[in-house]
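Shown next, in structure tokens, is the structure this report addresses.
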Amino acid sequence: MSAKLIPSVCPYCAVGCGFYIVVEKGKAIGIEYMTEHPTCEGALCPKGNAVLEFLNHEERLKYPLKRAGDTFVRISWDEALDLVAEGLSRNLKKHGPKSLGFLASSRCNNEENYLMQKLARMLGSPNVDNCARLCHSPTVVGLGAVFGAGAMTNNLIDLQNSKCIFAIGTNFTEAHPIVTRWVQRAKDRGAKVIVADPRITSTSWMADMHLRIKPGSDIDLLRGMMKVIIDEGLADQKFISQRTDGYQELLQNLRGFSVHEAAELTGVSADQIVKAARIYAKSPASALLYSMGITQHVCGTDNVKLCATLALVSGQIGRPGSGVWPMRGQNNVQGNCDMGGMAEFYPGYKRASDPKSAEFFESAWGASGLPLGPGLTSTEMTDAALEGTIKALYIIGEDPVICDPNIKKTTAALENLDFLVVQEIFMTATAKMADVVLPAAAWAEKDGSYTSMERRVQWIDQAVSPVGEARDGLWIINEIGKRLGLDLKGTSATEILKEINRYVPAYGGMTKERISRIGGLRWPCPDETHPGTDILHCERFATADGKAKMASVLNVPPAEMTSPEYPILLSTGRIVVHYNSGSMTRRSPSLLERDPELYVEINPEDAASLKVRHGDVVKVKTVRGETEAVARITGKVKPGIVFMPFHWQGTNIITSDALDPVSKIPEYKMAACRIEAKS
Ligand code: SF4
């Protein structure tokens with residue numbers, strides 16, 4: 001039998017690179033590059049190249065399991081599904097629907113996430129959320145408030161049309177490596193690249209200007225740049241008057257503020273701020289890129305709003321090369337939010353607090369009594385589980401015991417549950433705490449669509465059969481629904497996509513046939529004749545009156561300040577060869593070999609005073625606990641700051657769980673710590 005090439009989409013980050021899986025005798029034996037894919041043009045980063053290492057890994061979960069004391073025993077699917085239904089209905093009857101929580105998975109496809117939130121809401125629970133809460137919930141609410149849509153305004157290919165690329169709080173060369181291709185292409189065509197980041201990174205290496213700001217001073221920098229732009233007459237007054245509201249309030253907000261004050265607050269010289277502002281505002285097409293360096297703060301939503309406002313003041317939006325590019329995290333985090341896997345929204349961003357949304361879906365789903373939201377966010381569900389108001393949790397493809405901040409709290413919360421079911425592809429740290437573990441098909445083992453960070457929706461067909469007795473998530477959710485007396489309708493991804501076409505307007509014209517073509521379509525695509533949308537907000541914004549709403553904000557200090565006891569600031573982030581909780585990349589030998597252990601970057605001055613040498617194992621302590629890491633002595637971090645990647649459990653033992661009050665994202669980027677040499 002000859003090998004077949006099955007088109008696929010990378011299951012790691014939200015860039016959405018395509019490739020072919022080589023299938024022979026029913027087994028995935030290799031990958032082939034997809035040179036015709038519009039975003040990646042055949043390129044893949046190290047993670048994309050290594051996808052089969054986790055797909056074919058011997059530790060994949062193959063059978064349903066139930067807890068038996070400190071261990072697990074294999075059970076049949078019937079028994080597993082009965083146990084799940086019993087665990088959920090027991091708490092539903094005793095404590096009501098709000099005692100149930102659901103975490104949808106941004107590693108799963110749109111159809112699974114649509115069905116997951118449908119299950120939650122048809123059971124009467126508004127508590128459904130996803131990992132966007134931990135990375136880009138400020139984008140959803142912040143860009144949503146300013147532009148009317150919480151998504152990337154342009155697309156990745158369009159970066160080549162930019163003449164200035166301002167990247168703030170994003171190390172895209174490591175976190176989203178294929179984006180680098182398009183930034184480099186812009187640079188080759190003469191674009192200036194400005195990077196604002198406290199650390200020296202591979203992204204700052206490619207910059208023409210590196211603004212090495214103090215952590216947590218993003219708003220001060222953005223206000224400083226806007227002040228320069230306005231004072232020097234570089235604001236786009238025609239754009240402002242025709243297409244925005246809130247400019248007078250912004251002028252008031254900036255009155256009395258000076259670039260010198262901004263310089264003092266950010267640690268960036270006034271000259272550099274002025275130069276960056278001029279380049280950004282004067283360029284014929286400026287792109288603003290940001291990621292978790294902007295969002296993961298107690299002022300994450302305000303940070304996002306101000307990034308958007310800088311673009312508005314300069315008229316840098318709604319044209320080729322001009323716009324705002326949030327760099328989303330997981331492969332389908334955009335789609336999960338689009339599908340209503342968020343506490344604040346029903347599918348299609350219909351507000352969960354609006355009775356009309358519930359009425360709409362009652363009619364669509366033939367249901368009654370759908371809940372009003374917002375429900376509890378994932379971060380709030382942790383507190384509710386600790387308090388005993390969330391009793392049962394159904395988690396698909398998320399690993400809060402590694403990814404949440406202040407893990408000890410999360411662990412205590414999960415221990416306090418009456419019932420925990422985890423649907424996964426590996427026995428993760430979270431799955432180890434479950435009462436029932438359901439083995440799920442991985443991305444290549446099922447049909448479905450994924451939405452990348454550039455709103456690109458791509459359908460993939462199943463390439464290989466699931467391992468062992470693992471099953472497609474749709475089958476599992478449907479079976480649980482049936483046992484709870486619900487007909488969720490749609491056992492196949494094809495059928496559910498048709499339902500999505502009907503009820504999510506931006507996906508209206510995204511038929512399976514159309515999004516199966518290489519590269520798919522970008523939303524909004526309201527009907528079957530629509531070609532999809534390359535650039536948002538060209539004529540009007542997605543707000544009710546079509547105008548963007550400028551934000552006027554002041555910086556908010558971090559929730560946790562350094563002190564004599566904890567004198568060093570800890571920041572966390574991604575590295576190129578690992579991904580989120582590491583459950584997939586730490587099982588991939590070629591990736592693990594490159595970065596096998598948790599490390600902490602320490603400036604040489606701090607290392608000297610701490611008497612720590614490169615390669616020493618040190619303890620990193622915060623008020624929440626301590627962890628061990630290998631010291632890397634490097635000038636990449638300034639004195640008084642250390643950096644740790646978050647792909648190992650140790651990191652989030654010590655991170656801060658202080659929340660942005662609007663988006664409820666934790667402040668992962670700012671924790672006060674101390675370093676001790678290990679005795
Ligand atoms: Fe996969 Fe992202 Fe790497 Fe592309 S850039 S290969 S989508 S991990």
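Chain identifiers are assigned as A, B, and so on, following the order in which chains appear in the structure tokens; residues are numbered from 1 within each chain, and ligands are numbered from 1 in order of appearance.
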For ligand 1, list the contacting residues at 10 Å or closer, counting only C-alpha atoms and all ligand atoms, as a ChimeraX atom specification.
-> /A:9-19,39-40,42-51,172-180,329-331,452-453,576-579
6 Å contact set for range 441-448 of chain A, only C-alpha atoms, chain neighbours under 4 positions out, as an MDAnalysis selection string = chainID A and resid 109 459:466 470:472 493
Polymer residues at most 8 Å from Glu398 in chain A, only C-alpha atoms, same-chain spacing of 3 or more positions, as a PyMOL selection string | chain A and resi 103-105+131+395+424+430
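In terms of minimum interatomic distance to Trp475 in chain A, A:Leu438 ranks closest within A:Val618, A:Leu222, A:Ala506, A:Leu438, counting only C-alpha atoms.
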Selected residue, from A:Ile665, A:Met381, A:Ala607, A:Cys673, that lies nearest to Pro564 in chain A when counting only C-alpha atoms | A:Cys673
Alpha helix (DSSP H) call set, DSSP backbone run, range 357-530 of chain A, as a VMD selection string | chain A and resid 357 to 365 378 to 387 400 to 403 407 to 415 473 to 483 493 to 503 512 to 516
Who sits within 12 Å of Pro596 in chain A, only C-alpha atoms, same chain under 6 positions skipped, as a list in words = Ile575, Val577, His578, Gly582, Thr585, Arg586, Arg587, Ser588, Pro589, Ser590, Ala629, Val630, Pro645, His647 and Trp648 of chain A
For Gly520 in chain A, list every protein, DNA or RNA residue within 7 Å, evaluated using only C-alpha atoms, and leave out those in the same chain fewer than 4 positions away; present the list as a VMD selection string.
-> chain A and resid 456 to 458 514 to 516
Just give me the gap between CA of Leu372 in chain A and CA of Phe345 in chain A in Å, one decimal is fine.
-> 9.7 Å
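Excluding Lys489 in chain A itself and same-chain residues fewer than 6 positions from it, the residues having an atom within 10 Å of it are Leu115, Trp365, Asn478, Gly481, Lys482, Glu495, Ile496 and Glu499 of chain A, counting only C-alpha atoms.
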Written file, previous selection with N, CA, C and O atoms, as a short mmCIF file (atom, residue, chain, number, x, y, z; two decimals), in the first residue's frame:
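So the final result, stored in again_7.cif, reads:
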```cif
data_model
loop_
_atom_site.label_atom_id
_atom_site.label_comp_id
_atom_site.auth_asym_id
_atom_site.auth_seq_id
_atom_site.Cartn_x
_atom_site.Cartn_y
_atom_site.Cartn_z
N LEU A 115 -19.77 22.21 21.11
CA LEU A 115 -20.61 21.21 21.79
C LEU A 115 -20.40 21.24 23.31
O LEU A 115 -21.35 21.04 24.07
N TRP A 365 -31.58 25.79 19.88
CA TRP A 365 -31.27 24.45 20.38
C TRP A 365 -32.51 23.68 20.84
O TRP A 365 -32.39 22.55 21.31
N ASN A 478 -21.25 13.98 23.42
CA ASN A 478 -22.61 13.54 23.07
C ASN A 478 -23.09 12.42 23.99
O ASN A 478 -24.24 12.41 24.43
N GLY A 481 -23.91 13.81 27.31
CA GLY A 481 -25.19 14.51 27.19
C GLY A 481 -26.37 13.54 27.21
O GLY A 481 -27.35 13.74 27.93
N LYS A 482 -26.25 12.47 26.42
CA LYS A 482 -27.35 11.48 26.35
C LYS A 482 -27.68 10.93 27.72
O LYS A 482 -28.84 10.80 28.10
N GLU A 495 -21.77 17.88 10.80
CA GLU A 495 -23.10 18.36 11.22
C GLU A 495 -22.99 19.57 12.12
O GLU A 495 -23.76 20.53 12.00
N ILE A 496 -22.03 19.53 13.04
CA ILE A 496 -21.92 20.65 13.99
C ILE A 496 -21.44 21.91 13.27
O ILE A 496 -21.89 23.01 13.59
N GLU A 499 -24.32 23.66 12.06
CA GLU A 499 -25.01 24.41 13.13
C GLU A 499 -24.26 25.72 13.41
O GLU A 499 -24.87 26.78 13.61
#
```
Within 7 Å of Ile6 in chain A, counting only C-alpha atoms, which residues show up once you throw out same-chain ones fewer than 5 positions away? Write them as a list in words, please.
->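 Counting only C-alpha atoms, the residues come to Tyr20, Ile21, Val22 and Ala463 of chain A.
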Step one, run DSSP on the backbone; step two, keep only residues of range 327-558 of chain A assigned to strand (DSSP E); then write them as a PDB file with N, CA and C atoms, in the first residue's frame.
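selection_25.pdb written:
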```pdb
ATOM      1  N   PHE A 345     -19.623  34.990  27.090  1.00  0.00           N
ATOM      2  CA  PHE A 345     -20.248  34.986  25.763  1.00  0.00           C
ATOM      3  C   PHE A 345     -20.865  33.647  25.372  1.00  0.00           C
ATOM      4  N   TYR A 346     -22.038  33.731  24.797  1.00  0.00           N
ATOM      5  CA  TYR A 346     -22.587  32.616  24.017  1.00  0.00           C
ATOM      6  C   TYR A 346     -21.863  32.617  22.663  1.00  0.00           C
ATOM      7  N   LYS A 350     -22.276  36.660  21.539  1.00  0.00           N
ATOM      8  CA  LYS A 350     -23.533  37.184  22.077  1.00  0.00           C
ATOM      9  C   LYS A 350     -23.371  37.233  23.598  1.00  0.00           C
ATOM     10  N   ARG A 351     -23.612  38.400  24.166  1.00  0.00           N
ATOM     11  CA  ARG A 351     -23.341  38.593  25.594  1.00  0.00           C
ATOM     12  C   ARG A 351     -24.146  37.610  26.439  1.00  0.00           C
ATOM     13  N   ALA A 392     -18.348  20.163  40.975  1.00  0.00           N
ATOM     14  CA  ALA A 392     -17.917  19.199  39.960  1.00  0.00           C
ATOM     15  C   ALA A 392     -17.339  19.963  38.773  1.00  0.00           C
ATOM     16  N   LEU A 393     -16.247  19.432  38.227  1.00  0.00           N
ATOM     17  CA  LEU A 393     -15.566  20.111  37.122  1.00  0.00           C
ATOM     18  C   LEU A 393     -15.286  19.103  36.012  1.00  0.00           C
ATOM     19  N   TYR A 394     -15.614  19.530  34.785  1.00  0.00           N
ATOM     20  CA  TYR A 394     -15.334  18.703  33.602  1.00  0.00           C
ATOM     21  C   TYR A 394     -14.301  19.475  32.795  1.00  0.00           C
ATOM     22  N   ILE A 395     -13.097  18.936  32.695  1.00  0.00           N
ATOM     23  CA  ILE A 395     -11.994  19.631  32.030  1.00  0.00           C
ATOM     24  C   ILE A 395     -11.582  18.860  30.781  1.00  0.00           C
ATOM     25  N   ILE A 396     -11.567  19.559  29.653  1.00  0.00           N
ATOM     26  CA  ILE A 396     -11.078  18.942  28.416  1.00  0.00           C
ATOM     27  C   ILE A 396      -9.767  19.611  28.031  1.00  0.00           C
ATOM     28  N   PHE A 419     -16.319  16.010  42.475  1.00  0.00           N
ATOM     29  CA  PHE A 419     -16.117  15.164  41.292  1.00  0.00           C
ATOM     30  C   PHE A 419     -15.315  15.916  40.244  1.00  0.00           C
ATOM     31  N   LEU A 420     -14.287  15.249  39.712  1.00  0.00           N
ATOM     32  CA  LEU A 420     -13.455  15.837  38.650  1.00  0.00           C
ATOM     33  C   LEU A 420     -13.288  14.822  37.527  1.00  0.00           C
ATOM     34  N   VAL A 421     -13.668  15.241  36.321  1.00  0.00           N
ATOM     35  CA  VAL A 421     -13.422  14.396  35.144  1.00  0.00           C
ATOM     36  C   VAL A 421     -12.502  15.155  34.198  1.00  0.00           C
ATOM     37  N   VAL A 422     -11.487  14.469  33.688  1.00  0.00           N
ATOM     38  CA  VAL A 422     -10.517  15.085  32.783  1.00  0.00           C
ATOM     39  C   VAL A 422     -10.448  14.265  31.498  1.00  0.00           C
ATOM     40  N   GLN A 423     -10.604  14.942  30.389  1.00  0.00           N
ATOM     41  CA  GLN A 423     -10.541  14.321  29.050  1.00  0.00           C
ATOM     42  C   GLN A 423      -9.216  14.780  28.441  1.00  0.00           C
ATOM     43  N   GLU A 424      -8.325  13.860  28.150  1.00  0.00           N
ATOM     44  CA  GLU A 424      -6.944  14.235  27.805  1.00  0.00           C
ATOM     45  C   GLU A 424      -6.313  13.229  26.848  1.00  0.00           C
ATOM     46  N   VAL A 436     -12.291  10.423  37.164  1.00  0.00           N
ATOM     47  CA  VAL A 436     -12.396   9.651  35.922  1.00  0.00           C
ATOM     48  C   VAL A 436     -11.534  10.340  34.862  1.00  0.00           C
ATOM     49  N   VAL A 437     -10.766   9.543  34.121  1.00  0.00           N
ATOM     50  CA  VAL A 437      -9.944  10.090  33.032  1.00  0.00           C
ATOM     51  C   VAL A 437     -10.429   9.480  31.718  1.00  0.00           C
ATOM     52  N   LEU A 438     -10.765  10.357  30.763  1.00  0.00           N
ATOM     53  CA  LEU A 438     -11.295   9.903  29.472  1.00  0.00           C
ATOM     54  C   LEU A 438     -10.219  10.085  28.397  1.00  0.00           C
ATOM     55  N   PRO A 439      -9.834   9.019  27.696  1.00  0.00           N
ATOM     56  CA  PRO A 439      -8.783   9.143  26.678  1.00  0.00           C
ATOM     57  C   PRO A 439      -9.338   9.763  25.396  1.00  0.00           C
ATOM     58  N   GLY A 448     -12.420  18.162  11.901  1.00  0.00           N
ATOM     59  CA  GLY A 448     -12.864  19.395  12.543  1.00  0.00           C
ATOM     60  C   GLY A 448     -12.110  20.611  12.054  1.00  0.00           C
ATOM     61  N   SER A 449     -12.572  21.784  12.518  1.00  0.00           N
ATOM     62  CA  SER A 449     -11.968  23.040  12.063  1.00  0.00           C
ATOM     63  C   SER A 449     -11.270  23.765  13.212  1.00  0.00           C
ATOM     64  N   TYR A 450     -10.251  24.518  12.859  1.00  0.00           N
ATOM     65  CA  TYR A 450      -9.452  25.294  13.823  1.00  0.00           C
ATOM     66  C   TYR A 450      -9.341  26.725  13.312  1.00  0.00           C
ATOM     67  N   THR A 451      -9.354  27.680  14.239  1.00  0.00           N
ATOM     68  CA  THR A 451      -9.275  29.093  13.857  1.00  0.00           C
ATOM     69  C   THR A 451      -7.971  29.680  14.393  1.00  0.00           C
ATOM     70  N   ARG A 456      -8.165  32.774  10.637  1.00  0.00           N
ATOM     71  CA  ARG A 456      -8.175  31.841   9.509  1.00  0.00           C
ATOM     72  C   ARG A 456      -8.757  30.511   9.980  1.00  0.00           C
ATOM     73  N   VAL A 457      -9.869  30.102   9.392  1.00  0.00           N
ATOM     74  CA  VAL A 457     -10.550  28.875   9.795  1.00  0.00           C
ATOM     75  C   VAL A 457     -10.181  27.772   8.796  1.00  0.00           C
ATOM     76  N   GLN A 458      -9.608  26.686   9.312  1.00  0.00           N
ATOM     77  CA  GLN A 458      -9.102  25.619   8.436  1.00  0.00           C
ATOM     78  C   GLN A 458      -9.659  24.274   8.895  1.00  0.00           C
ATOM     79  N   TRP A 459     -10.219  23.555   7.972  1.00  0.00           N
ATOM     80  CA  TRP A 459     -10.780  22.227   8.265  1.00  0.00           C
ATOM     81  C   TRP A 459      -9.716  21.168   8.004  1.00  0.00           C
ATOM     82  N   ILE A 460      -9.632  20.177   8.889  1.00  0.00           N
ATOM     83  CA  ILE A 460      -8.781  19.019   8.574  1.00  0.00           C
ATOM     84  C   ILE A 460      -9.583  17.738   8.746  1.00  0.00           C
ATOM     85  N   LEU A 521     -10.493  30.011   5.133  1.00  0.00           N
ATOM     86  CA  LEU A 521     -11.063  31.359   4.976  1.00  0.00           C
ATOM     87  C   LEU A 521     -10.913  32.120   6.282  1.00  0.00           C
ATOM     88  N   ARG A 522     -10.831  33.452   6.178  1.00  0.00           N
ATOM     89  CA  ARG A 522     -10.781  34.264   7.388  1.00  0.00           C
ATOM     90  C   ARG A 522     -12.157  34.864   7.673  1.00  0.00           C
ATOM     91  N   ALA A 548     -14.834  53.702  16.721  1.00  0.00           N
ATOM     92  CA  ALA A 548     -13.971  53.114  17.749  1.00  0.00           C
ATOM     93  C   ALA A 548     -14.036  53.970  19.003  1.00  0.00           C
ATOM     94  N   LYS A 549     -13.813  53.329  20.157  1.00  0.00           N
ATOM     95  CA  LYS A 549     -13.911  54.027  21.449  1.00  0.00           C
ATOM     96  C   LYS A 549     -12.517  54.118  22.060  1.00  0.00           C
TER      97      LYS A 549
END
```
Residue nearest Gln272 in chain A - candidates A:Pro531, A:Gly233, A:Gly224, A:Gly293, atoms counted: only C-alpha atoms | A:Gly224
Go through A:Met550, A:Ala440, A:Val195, A:Met427 and flag the residue nearest Arg243 in chain A, using only C-alpha atoms for the distances.
-> A:Met550
So which one's closest to Ala235 in chain A, A:Ile219, A:Ile653, A:Leu310, A:Met644? Using only C-alpha atoms, please.
->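 Distance minimum relative to Ala235 in chain A lands on A:Leu310.
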Of the listed residues A:Ala672, A:Leu312, A:Ile402, A:Val637, that which approaches Arg199 in chain A most closely, counting only C-alpha atoms = A:Val637
